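What follows is the content of entry-v1.csv (CSV, C-alpha atoms).
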chain,number,residue,atom,x,y,z
G,9,MET,CA,-46.5,10.3,-33.6
G,10,SER,CA,-44.9,13.6,-32.7
G,11,SER,CA,-46.3,13.4,-29.2
G,12,GLN,CA,-44.3,10.2,-28.7
G,13,ARG,CA,-41.0,11.6,-30.1
G,14,LEU,CA,-38.2,12.3,-27.7
G,15,SER,CA,-36.0,15.0,-29.3
G,16,PHE,CA,-33.2,16.4,-27.1
G,17,ARG,CA,-32.8,19.4,-29.5
G,18,TRP,CA,-34.4,20.8,-32.6
G,19,PRO,CA,-32.5,20.6,-35.8
G,20,GLU,CA,-31.2,23.5,-37.7
G,21,VAL,CA,-33.3,23.4,-40.9
G,22,ARG,CA,-32.3,25.1,-44.1
G,23,ALA,CA,-35.6,25.6,-45.9
G,24,GLY,CA,-35.9,25.8,-49.7
G,25,GLY,CA,-36.5,29.0,-51.5
G,26,PRO,CA,-39.8,30.4,-52.8
G,27,GLY,CA,-41.7,28.0,-55.0
G,28,ASP,CA,-39.6,25.0,-53.8
G,29,GLY,CA,-42.3,22.4,-53.7
G,30,LEU,CA,-40.4,19.8,-51.5
G,31,ALA,CA,-39.0,22.2,-48.9
G,32,PRO,CA,-41.5,21.1,-46.2
G,33,LEU,CA,-40.2,17.5,-46.7
G,34,ALA,CA,-36.7,18.5,-45.8
G,35,GLU,CA,-38.0,20.3,-42.7
G,36,ARG,CA,-40.0,17.3,-41.5
G,37,LEU,CA,-37.2,14.8,-42.2
G,38,GLY,CA,-34.8,17.1,-40.5
G,39,GLU,CA,-36.8,17.0,-37.4
G,40,ALA,CA,-37.2,13.3,-37.5
G,41,ALA,CA,-33.4,13.0,-37.9
G,42,HIS,CA,-33.0,14.2,-34.3
G,43,ASP,CA,-35.4,11.7,-32.9
G,44,ARG,CA,-33.5,9.4,-30.5
G,45,ALA,CA,-36.4,7.5,-29.0
G,46,ALA,CA,-38.8,6.3,-31.8
G,47,THR,CA,-38.5,2.8,-33.0
G,48,ALA,CA,-37.0,2.2,-36.5
G,49,GLU,CA,-40.3,0.9,-37.6
G,50,ALA,CA,-42.1,4.1,-36.6
G,51,LEU,CA,-39.4,6.3,-38.2
G,52,VAL,CA,-39.7,4.4,-41.5
G,53,TYR,CA,-43.4,4.6,-41.7
G,54,GLU,CA,-43.3,8.3,-40.8
G,55,ALA,CA,-40.7,9.1,-43.4
G,56,ALA,CA,-42.6,7.1,-46.1
G,57,GLY,CA,-45.7,9.1,-45.3
G,58,PHE,CA,-43.7,12.4,-45.6
G,59,LEU,CA,-42.4,11.2,-49.0
G,60,ARG,CA,-45.8,10.1,-50.3
G,61,GLU,CA,-47.3,13.5,-49.3
G,62,ALA,CA,-44.5,15.4,-51.0
G,63,LEU,CA,-45.0,13.5,-54.2
G,64,GLU,CA,-48.7,14.3,-54.2
G,65,GLN,CA,-48.0,18.0,-53.5
G,66,GLU,CA,-45.1,18.4,-55.9
G,67,PRO,CA,-46.5,20.7,-58.7
G,68,GLY,CA,-44.4,19.1,-61.4
G,69,ARG,CA,-41.6,21.5,-61.7
G,70,LEU,CA,-39.1,18.9,-60.6
G,71,ALA,CA,-37.7,17.1,-63.7
G,72,GLU,CA,-37.9,13.3,-63.6
G,73,ARG,CA,-34.2,13.0,-63.7
G,74,GLU,CA,-33.9,15.1,-60.6
G,75,VAL,CA,-36.2,12.9,-58.5
G,76,GLY,CA,-33.4,10.6,-57.3
G,77,PRO,CA,-30.8,13.4,-56.5
G,78,ARG,CA,-33.5,15.4,-54.7
G,79,LEU,CA,-34.6,12.4,-52.7
G,80,GLU,CA,-30.9,11.8,-51.7
G,81,ARG,CA,-30.5,15.4,-50.6
G,82,ASP,CA,-33.7,15.7,-48.5
G,83,LEU,CA,-33.1,12.3,-47.0
G,84,ALA,CA,-29.4,12.8,-46.2
G,85,PRO,CA,-29.8,14.0,-42.6
G,86,TRP,CA,-32.3,11.2,-41.9
G,87,ILE,CA,-30.0,8.6,-43.4
G,88,ALA,CA,-27.0,10.0,-41.4
G,89,ALA,CA,-29.0,9.7,-38.2
G,90,HIS,CA,-30.9,6.5,-38.7
G,91,GLY,CA,-29.4,4.6,-41.7
G,92,TRP,CA,-27.4,2.4,-39.3
G,93,ARG,CA,-30.6,0.7,-38.1
G,94,GLY,CA,-31.7,-2.3,-40.1
G,95,PRO,CA,-35.2,-1.3,-41.1
G,96,CYS,CA,-34.1,2.2,-42.0
G,97,ALA,CA,-31.3,0.9,-44.2
G,98,LEU,CA,-33.7,-1.5,-45.8
G,99,PHE,CA,-36.1,1.3,-46.5
G,100,VAL,CA,-33.5,3.5,-48.2
G,101,ASP,CA,-32.1,0.6,-50.2
G,102,SER,CA,-35.6,-0.3,-51.5
G,103,LEU,CA,-36.2,3.3,-52.6
G,104,ARG,CA,-32.9,3.4,-54.4
G,105,ALA,CA,-33.5,0.0,-56.1
G,106,ALA,CA,-36.9,1.2,-57.4
G,107,LEU,CA,-35.4,4.4,-58.8
G,108,HIS,CA,-32.5,2.5,-60.4
G,109,ALA,CA,-34.8,0.1,-62.1
G,110,ALA,CA,-37.2,2.8,-63.4
G,111,PRO,CA,-36.9,4.4,-66.9
G,112,GLU,CA,-35.8,8.1,-66.7
G,113,SER,CA,-39.3,9.2,-67.7
G,114,GLY,CA,-40.9,7.2,-64.9
G,115,THR,CA,-38.9,7.8,-61.7
G,116,ARG,CA,-41.7,9.7,-59.9
G,117,ALA,CA,-44.2,6.9,-60.6
G,118,ALA,CA,-41.7,4.2,-59.6
G,119,LEU,CA,-41.0,6.0,-56.3
G,120,GLY,CA,-44.7,6.4,-55.6
G,121,ARG,CA,-45.4,2.7,-56.2
G,122,GLU,CA,-42.6,1.7,-53.9
G,123,LEU,CA,-43.7,4.1,-51.2
G,124,GLU,CA,-47.2,2.7,-51.3
G,125,ALA,CA,-45.8,-0.6,-49.9
G,126,TRP,CA,-44.2,1.1,-46.9
G,127,VAL,CA,-47.3,1.2,-44.8
G,128,PRO,CA,-48.2,-0.9,-41.8
G,129,GLY,CA,-49.3,-4.3,-43.2
G,130,GLY,CA,-47.7,-3.4,-46.6
G,131,GLY,CA,-45.3,-6.3,-46.3
G,132,ARG,CA,-42.0,-4.4,-46.5
G,133,LEU,CA,-41.4,-4.7,-42.8
G,134,ALA,CA,-41.9,-7.8,-40.7
G,135,ASP,CA,-44.7,-8.0,-38.2
G,136,ARG,CA,-43.1,-7.6,-34.7
G,137,ARG,CA,-46.1,-9.4,-33.2
G,138,ALA,CA,-45.2,-12.6,-35.0
G,139,VAL,CA,-42.1,-13.0,-32.8
G,140,ALA,CA,-44.2,-13.3,-29.7
G,141,PRO,CA,-45.4,-17.0,-30.0
G,142,ALA,CA,-41.9,-18.4,-30.2
G,143,ALA,CA,-40.8,-16.2,-27.2
G,144,ILE,CA,-43.8,-17.1,-25.1
G,145,ALA,CA,-43.2,-20.8,-25.8
G,146,THR,CA,-39.9,-20.6,-23.9
G,147,LEU,CA,-41.5,-19.1,-20.8
G,148,ALA,CA,-42.7,-21.0,-17.7
G,149,ARG,CA,-45.3,-19.4,-15.5
G,150,GLY,CA,-43.9,-16.7,-13.2
G,151,GLU,CA,-40.5,-16.4,-14.8
G,152,THR,CA,-38.4,-13.2,-14.6
G,153,VAL,CA,-37.0,-11.8,-17.8
G,154,LEU,CA,-34.2,-9.3,-17.9
G,155,VAL,CA,-34.4,-6.7,-20.6
G,156,HIS,CA,-31.8,-4.0,-21.4
G,157,GLY,CA,-33.2,-1.0,-23.1
G,158,TYR,CA,-36.4,-0.4,-25.0
G,159,SER,CA,-37.6,-2.9,-27.6
G,160,GLU,CA,-40.9,-2.9,-29.4
G,161,THR,CA,-40.5,-6.6,-30.2
G,162,VAL,CA,-39.7,-7.6,-26.6
G,163,ALA,CA,-42.5,-5.5,-25.3
G,164,LEU,CA,-45.0,-7.2,-27.6
G,165,ALA,CA,-43.7,-10.6,-26.4
G,166,LEU,CA,-44.0,-9.8,-22.7
G,167,GLU,CA,-47.5,-8.3,-23.3
G,168,GLY,CA,-48.5,-11.5,-25.1
G,169,ALA,CA,-47.0,-13.6,-22.3
G,170,ARG,CA,-49.2,-11.7,-19.8
G,171,ARG,CA,-52.3,-12.4,-21.9
G,172,ALA,CA,-51.4,-16.1,-22.2
G,173,GLY,CA,-51.3,-16.5,-18.5
G,174,ARG,CA,-47.5,-16.8,-18.1
G,175,GLU,CA,-47.5,-13.9,-15.5
G,176,PRO,CA,-43.9,-12.8,-16.4
G,177,THR,CA,-41.9,-10.3,-14.4
G,178,ALA,CA,-39.8,-7.9,-16.4
G,179,LEU,CA,-36.6,-6.6,-14.9
G,180,LEU,CA,-35.6,-3.5,-16.8
G,181,SER,CA,-32.6,-1.2,-16.8
G,182,GLU,CA,-33.2,2.6,-16.8
G,183,SER,CA,-31.5,3.0,-20.2
G,184,ALA,CA,-30.1,6.5,-19.8
G,185,ALA,CA,-29.9,9.0,-21.5
G,186,GLU,CA,-33.1,8.5,-23.5
G,187,LEU,CA,-34.7,6.6,-20.6
G,188,GLY,CA,-35.9,3.7,-22.7
G,189,GLY,CA,-36.2,1.6,-19.6
G,190,GLN,CA,-38.7,4.0,-18.1
G,191,ARG,CA,-40.7,4.1,-21.2
G,192,MET,CA,-40.7,0.3,-21.4
G,193,ALA,CA,-41.7,0.1,-17.8
G,194,ARG,CA,-44.6,2.5,-18.2
G,195,ARG,CA,-45.9,0.6,-21.2
G,196,LEU,CA,-45.6,-2.9,-19.7
G,197,ALA,CA,-47.2,-1.8,-16.4
G,198,LEU,CA,-50.2,-0.4,-18.3
G,199,ALA,CA,-50.5,-3.9,-19.9
G,200,GLY,CA,-50.5,-5.6,-16.5
G,201,VAL,CA,-47.0,-7.0,-16.6
G,202,ASP,CA,-45.2,-7.0,-13.3
G,203,VAL,CA,-42.2,-4.7,-13.7
G,204,ARG,CA,-39.0,-4.0,-11.8
G,205,LEU,CA,-36.8,-1.1,-12.9
G,206,GLY,CA,-33.2,-0.6,-11.8
G,207,TYR,CA,-30.0,1.3,-12.8
G,208,ASP,CA,-28.0,0.3,-15.9
G,209,ALA,CA,-25.1,-0.4,-13.6
G,210,ALA,CA,-27.1,-3.1,-11.8
G,211,VAL,CA,-27.8,-5.2,-14.9
G,212,LEU,CA,-24.8,-7.5,-14.6
G,213,GLY,CA,-25.3,-8.2,-11.0
G,214,ALA,CA,-29.0,-9.1,-11.6
G,215,VAL,CA,-28.3,-11.8,-14.2
G,216,ARG,CA,-27.9,-14.5,-11.6
G,217,GLU,CA,-31.4,-13.9,-10.2
G,218,VAL,CA,-33.4,-14.0,-13.4
G,219,ASP,CA,-34.7,-16.9,-15.5
G,220,ARG,CA,-33.7,-15.6,-18.9
G,221,VAL,CA,-32.4,-12.6,-20.8
G,222,TRP,CA,-34.2,-11.1,-23.8
G,223,ILE,CA,-32.3,-8.8,-26.2
G,224,GLY,CA,-33.7,-6.2,-28.6
G,225,VAL,CA,-31.7,-5.7,-31.8
G,226,GLU,CA,-31.2,-2.6,-33.9
G,227,ALA,CA,-29.2,-4.1,-36.8
G,228,ILE,CA,-27.7,-7.5,-37.9
G,229,GLY,CA,-24.6,-7.8,-40.0
G,230,ALA,CA,-21.9,-10.3,-40.9
G,231,GLY,CA,-20.8,-11.8,-37.6
G,232,ALA,CA,-22.2,-9.2,-35.3
G,233,PHE,CA,-25.3,-7.3,-34.4
G,234,VAL,CA,-25.9,-3.8,-33.0
G,235,ALA,CA,-27.6,-3.4,-29.6
G,236,ARG,CA,-27.5,-1.1,-26.6
G,237,VAL,CA,-24.1,-0.7,-25.0
G,238,GLY,CA,-23.7,-3.1,-22.2
G,239,THR,CA,-25.3,-6.0,-24.1
G,240,LEU,CA,-22.0,-7.7,-24.8
G,241,HIS,CA,-21.1,-8.0,-21.2
G,242,LEU,CA,-24.7,-8.9,-20.3
G,243,LEU,CA,-24.7,-11.9,-22.6
G,244,GLU,CA,-21.2,-13.0,-21.5
G,245,GLU,CA,-22.5,-12.9,-17.9
G,246,ALA,CA,-25.6,-14.8,-18.8
G,247,ARG,CA,-23.5,-17.5,-20.4
G,248,ARG,CA,-21.2,-17.7,-17.4
G,249,CYS,CA,-24.3,-18.0,-15.1
G,250,GLU,CA,-25.9,-20.5,-17.5
G,251,VAL,CA,-29.0,-18.2,-17.9
G,252,PRO,CA,-30.7,-18.7,-21.2
G,253,SER,CA,-30.5,-15.7,-23.6
G,254,ALA,CA,-32.4,-14.9,-26.8
G,255,ALA,CA,-32.5,-12.1,-29.4
G,256,LEU,CA,-36.0,-11.2,-30.3
G,257,THR,CA,-35.8,-9.7,-33.7
G,258,THR,CA,-37.2,-9.6,-37.3
G,259,SER,CA,-35.6,-10.2,-40.7
G,260,ASP,CA,-35.8,-6.5,-41.6
G,261,LYS,CA,-33.0,-5.9,-39.0
G,262,LEU,CA,-30.5,-7.4,-41.5
G,263,VAL,CA,-28.5,-4.6,-43.1
G,264,PRO,CA,-28.1,-4.8,-46.8
G,265,ALA,CA,-24.6,-6.2,-47.6
G,266,GLY,CA,-24.2,-7.1,-43.9
G,267,ARG,CA,-22.0,-4.0,-43.1
G,268,ILE,CA,-23.0,-2.6,-39.8
G,269,ASP,CA,-22.1,0.8,-38.3
G,270,LEU,CA,-22.7,2.5,-35.0
G,271,PRO,CA,-24.6,5.9,-35.0
G,272,ALA,CA,-22.2,8.7,-35.6
G,273,TRP,CA,-24.3,10.9,-33.3
G,274,GLY,CA,-23.5,8.5,-30.5
G,275,ASP,CA,-19.9,9.7,-30.5
G,276,GLU,CA,-20.7,13.3,-31.4
G,277,GLU,CA,-23.7,14.3,-29.2
G,278,HIS,CA,-21.9,14.4,-25.8
G,279,TRP,CA,-24.8,16.5,-24.3
G,280,SER,CA,-26.7,13.2,-23.8
G,281,LEU,CA,-24.0,12.3,-21.2
G,282,TRP,CA,-22.9,15.7,-19.9
G,283,PRO,CA,-24.0,18.9,-21.5
G,284,ASP,CA,-21.2,21.1,-20.1
G,285,PRO,CA,-18.2,19.1,-19.0
G,286,PRO,CA,-15.1,21.0,-17.7
G,287,ALA,CA,-11.9,21.1,-19.7
G,288,GLY,CA,-9.9,17.9,-19.5
G,289,VAL,CA,-12.9,15.5,-19.4
G,290,ARG,CA,-13.3,13.3,-22.4
G,291,LEU,CA,-16.9,12.0,-22.8
G,292,GLU,CA,-17.6,8.5,-24.2
G,293,SER,CA,-21.3,8.9,-25.1
G,294,GLN,CA,-21.8,6.1,-27.6
G,295,ALA,CA,-25.0,4.3,-26.5
G,296,PHE,CA,-24.7,1.3,-28.9
G,297,GLU,CA,-22.1,-1.4,-29.6
G,298,ARG,CA,-21.3,-4.4,-31.9
G,299,VAL,CA,-22.0,-7.7,-30.3
G,300,PRO,CA,-20.7,-11.0,-31.7
G,301,ILE,CA,-23.5,-13.2,-33.1
G,302,GLU,CA,-22.5,-16.3,-31.2
G,303,LEU,CA,-22.9,-14.7,-27.8
G,304,CYS,CA,-26.7,-14.9,-28.1
G,305,GLY,CA,-28.1,-18.3,-27.1
G,306,ALA,CA,-31.1,-18.2,-29.5
G,307,TRP,CA,-32.6,-16.2,-32.3
G,308,LEU,CA,-36.4,-15.8,-32.2
G,309,THR,CA,-37.8,-14.2,-35.4
G,310,GLU,CA,-41.2,-13.9,-37.2
G,311,VAL,CA,-40.8,-17.4,-38.4
G,312,GLY,CA,-39.9,-18.9,-35.0
G,313,ARG,CA,-36.6,-20.1,-33.6
G,314,GLU,CA,-34.1,-19.7,-36.3
G,315,ARG,CA,-30.4,-20.2,-36.9
G,316,ILE,CA,-28.7,-16.9,-37.8
G,317,ALA,CA,-27.2,-18.5,-40.9
G,318,ASP,CA,-30.7,-19.5,-42.1
G,319,LEU,CA,-32.0,-16.0,-41.3
G,320,CYS,CA,-29.3,-14.5,-43.5
G,321,VAL,CA,-30.0,-17.0,-46.4
G,322,ARG,CA,-33.7,-16.2,-46.1
G,323,ALA,CA,-33.6,-12.4,-45.9
G,324,LEU,CA,-30.1,-10.8,-46.4
G,325,ARG,CA,-29.7,-8.5,-49.4
G,326,LEU,CA,-26.2,-9.3,-50.5
G,327,ARG,CA,-25.8,-6.0,-52.5
G,328,GLN,CA,-26.3,-2.5,-51.2
G,329,GLU,CA,-27.8,0.0,-53.7
G,330,ALA,CA,-25.8,3.0,-54.7
G,331,PRO,CA,-27.2,6.5,-54.1
G,332,CYS,CA,-29.3,7.9,-56.8
G,333,LEU,CA,-27.0,10.7,-58.1
G,334,ARG,CA,-27.6,12.7,-61.2
G,335,GLN,CA,-25.0,10.9,-63.2
G,336,GLU,CA,-26.8,7.7,-62.7
G,337,ALA,CA,-29.3,8.8,-65.4
G,338,ALA,CA,-26.5,8.3,-67.9
G,339,ARG,CA,-25.9,4.7,-66.8
G,340,PRO,CA,-26.5,2.3,-69.7
G,341,ALA,CA,-29.4,-0.1,-69.2
G,342,GLY,CA,-28.4,-3.2,-67.3
G,343,ALA,CA,-25.1,-1.7,-66.2
G,344,PRO,CA,-24.2,-2.4,-62.5
G,345,HIS,CA,-25.0,0.4,-60.1
G,346,ALA,CA,-23.6,-1.1,-56.9
G,347,PRO,CA,-20.6,-3.1,-55.6
G,348,ALA,CA,-20.5,-6.7,-56.8
G,349,PRO,CA,-22.4,-8.9,-54.4
G,350,ALA,CA,-20.6,-11.3,-52.1
G,351,ARG,CA,-21.2,-15.0,-52.6
G,352,ALA,CA,-24.0,-16.4,-50.5
G,353,SER,CA,-21.6,-18.8,-48.8
G,354,GLU,CA,-19.4,-15.9,-47.7
G,355,ALA,CA,-22.3,-14.0,-46.1
G,356,THR,CA,-23.7,-17.0,-44.2
G,357,ASP,CA,-20.3,-18.3,-43.2
G,358,ALA,CA,-19.4,-14.9,-41.7
G,359,THR,CA,-22.4,-15.2,-39.4
Please rewrite the model in this file as structure tokens.
Amino acid sequence: MSSQRLSFRWPEVRAGGPGDGLAPLAERLGEAAHDRAATAEALVYEAAGFLREALEQEPGRLAEREVGPRLERDLAPWIAAHGWRGPCALFVDSLRAALHAAPESGTRAALGRELEAWVPGGGRLADRRAVAPAAIATLARGETVLVHGYSETVALALEGARRAGREPTALLSESAAELGGQRMARRLALAGVDVRLGYDAAVLGAVREVDRVWIGVEAIGAGAFVARVGTLHLLEEARRCEVPSAALTTSDKLVPAGRIDLPAWGDEEHWSLWPDPPAGVRLESQAFERVPIELCGAWLTEVGRERIADLCVRALRLRQEAPCLRQEAARPAGAPHAPAPARASEATDAT
């Protein structure tokens, strides 16, 4: 996986002291925290692998009550960088839930059991390939699909459409600064899909000449979803031009409690836009934005075409787990450890 990682800079890693059994974990997670190109699915499976290996190598000097706080400390940079993405938020929430439910003497075992399920095919993340049939069913032979940015789910659908004889053409944006469009173009071309690649600035003008717009999604919350910047105007233009649009996504993109954020590094890492700007130039480098749910014409998921309200009822976790801090060990059995959940009607109505 490291060969596929696009890191613009290496992290500053503060290694543990001598005999610190989990120090390598902090280093590896710190490197992964600076990955701006990998999919959320790949990042989750990689982090889960790091954690499983750390548990196996830990010599036992870490007290059971310290497992949760140590996990929070080592995962903190990774959460700060990727916790805004739906699958990453779900991963962290599930680990915290397992630790909160475990007896103080069994936290390591509980964490290990939960991590065993975070493998490809383990059932914690939805199968991105399962979205393809619903997407392919909307395509006529020879249609042109506009895609803005890199999306594993959209790529799988276009590759499936090519194998099904639909012969689609993918019109892609460059997706600077991480060049997701170029990576998407290379992948699709190798799969035999006809590809056109243009500048990000040309996306709006191209809407009127395509047959449909497919959107990749990073996170879904109450009333909005997170996608690459420019998606909002793209969907507005598709609606104005009466071009069908669809979000190709999976249920694991739903963020627990429905509260979505944009990546903080998008506002802080200005080097991705201009490494050395002169004085007086303010850089707006955020590469993602919140998009109202209703702008997307259709939602295609692993169960087929689905109303967003039904998706939330099926898969949204109404409560977000609290961090596993040391004082949690003193929490009486059965006491609440997270904010009170919203009513189901509130969550679904908001979307």
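Atom CA of G:Ser280 lies 7.9 Å from atom CA of G:Glu186.
Atom pair atom CA of G:Val211 / atom CA of G:Leu180 has a distance of 8.2 Å (rounded to one decimal).
Considering all atoms listed in the file, the residue among G:Ile228, G:Val299, G:Val221, G:Gly157 positioned nearest to G:Ala185 is G:Gly157.
Minimum distance to G:Trp92 across G:Val75, G:Ala197, G:Ala235, G:Leu319 (counting only C-alpha atoms) occurs at G:Ala235.
If you measure from each of G:Gly238, G:Pro300, G:Gly188, G:Pro95 to G:Ala209 using all atoms listed in the file, the closest one turns out to be G:Gly238.
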So that I can see what lies close to stretch 132-148 of chain G, please list as a PyMOL selection string the residues with an atom at most 8 Å from it, counting only C-alpha atoms and leaving out residues fewer than 5 positions away in the same chain. chain G and resi 49+95+125-127+160-162+164-166+168-169+174+256-260+308-313
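What separates atom CA of G:Arg36 from atom CA of G:Cys96 is a distance of 16.2 Å.
Distance check against G:Gly94 using all atoms listed in the file: of G:Glu61, G:Glu217, G:Glu182, G:Glu226, the minimum falls on G:Glu226.
Each of G:Val289, G:Leu333, G:Ile301, G:Ala230 was checked against G:Arg315 using all atoms listed in the file; the smallest atom-to-atom distance is that of G:Ile301.
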If we count only C-alpha atoms and set the cut-off at 7 Å, which residues sit around stretch 103-111 of chain G, ignoring sequence neighbours fewer than 2 positions away in its own chain? Please answer as an MDAnalysis selection string. chainID G and resid 76 99:101 113:115 118:119 122 329 331:332
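Residues lying within 9 Å of G:Pro264, counting only C-alpha atoms and ignoring same-chain neighbours fewer than 4 positions away, are Gly94, Ala97, Leu98, Asp101, Gly229, Ile268, Leu324, Arg325, Leu326, Arg327, Gln328 and Glu329 of chain G.
Between G:Val225 and the candidates G:Val263, G:Leu198, G:Leu37, G:Ala210, the tightest atom-to-atom separation, counting only C-alpha atoms, involves G:Val263.
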Residue contacts of G:Arg216 (9 Å, all atoms listed in the file) excluding same-chain residues fewer than 4 positions away, as a list in words: Leu212, Glu245, Ala246, Cys249, Glu250 and Val251 of chain G
Set the distance at 10 Å and use all atoms listed in the file: which residues neighbour G:Leu270 once local chain neighbours fewer than 2 positions away are removed? I'd like the list as a list in words. His90, Gly91, Trp92, Arg93, Glu226, Ala227, Val234, Ala235, Ile268, Ala272, Trp273, Gly274, Asp275, Gln294, Ala295, Phe296, Glu297 and Arg298 of chain G
Suppose we keep C-alpha atoms; can you now write the selection as a compact mmCIF listing (two decimals), in the frame of the given file?
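Everything below was put into selection.txt:
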# COMPACT_ATOMS: atom_id res chain seq x y z
CA HIS G 90 -30.90 6.50 -38.70
CA GLY G 91 -29.40 4.60 -41.70
CA TRP G 92 -27.40 2.40 -39.30
CA ARG G 93 -30.60 0.70 -38.10
CA GLU G 226 -31.20 -2.60 -33.90
CA ALA G 227 -29.20 -4.10 -36.80
CA VAL G 234 -25.90 -3.80 -33.00
CA ALA G 235 -27.60 -3.40 -29.60
CA ILE G 268 -23.00 -2.60 -39.80
CA ALA G 272 -22.20 8.70 -35.60
CA TRP G 273 -24.30 10.90 -33.30
CA GLY G 274 -23.50 8.50 -30.50
CA ASP G 275 -19.90 9.70 -30.50
CA GLN G 294 -21.80 6.10 -27.60
CA ALA G 295 -25.00 4.30 -26.50
CA PHE G 296 -24.70 1.30 -28.90
CA GLU G 297 -22.10 -1.40 -29.60
CA ARG G 298 -21.30 -4.40 -31.90
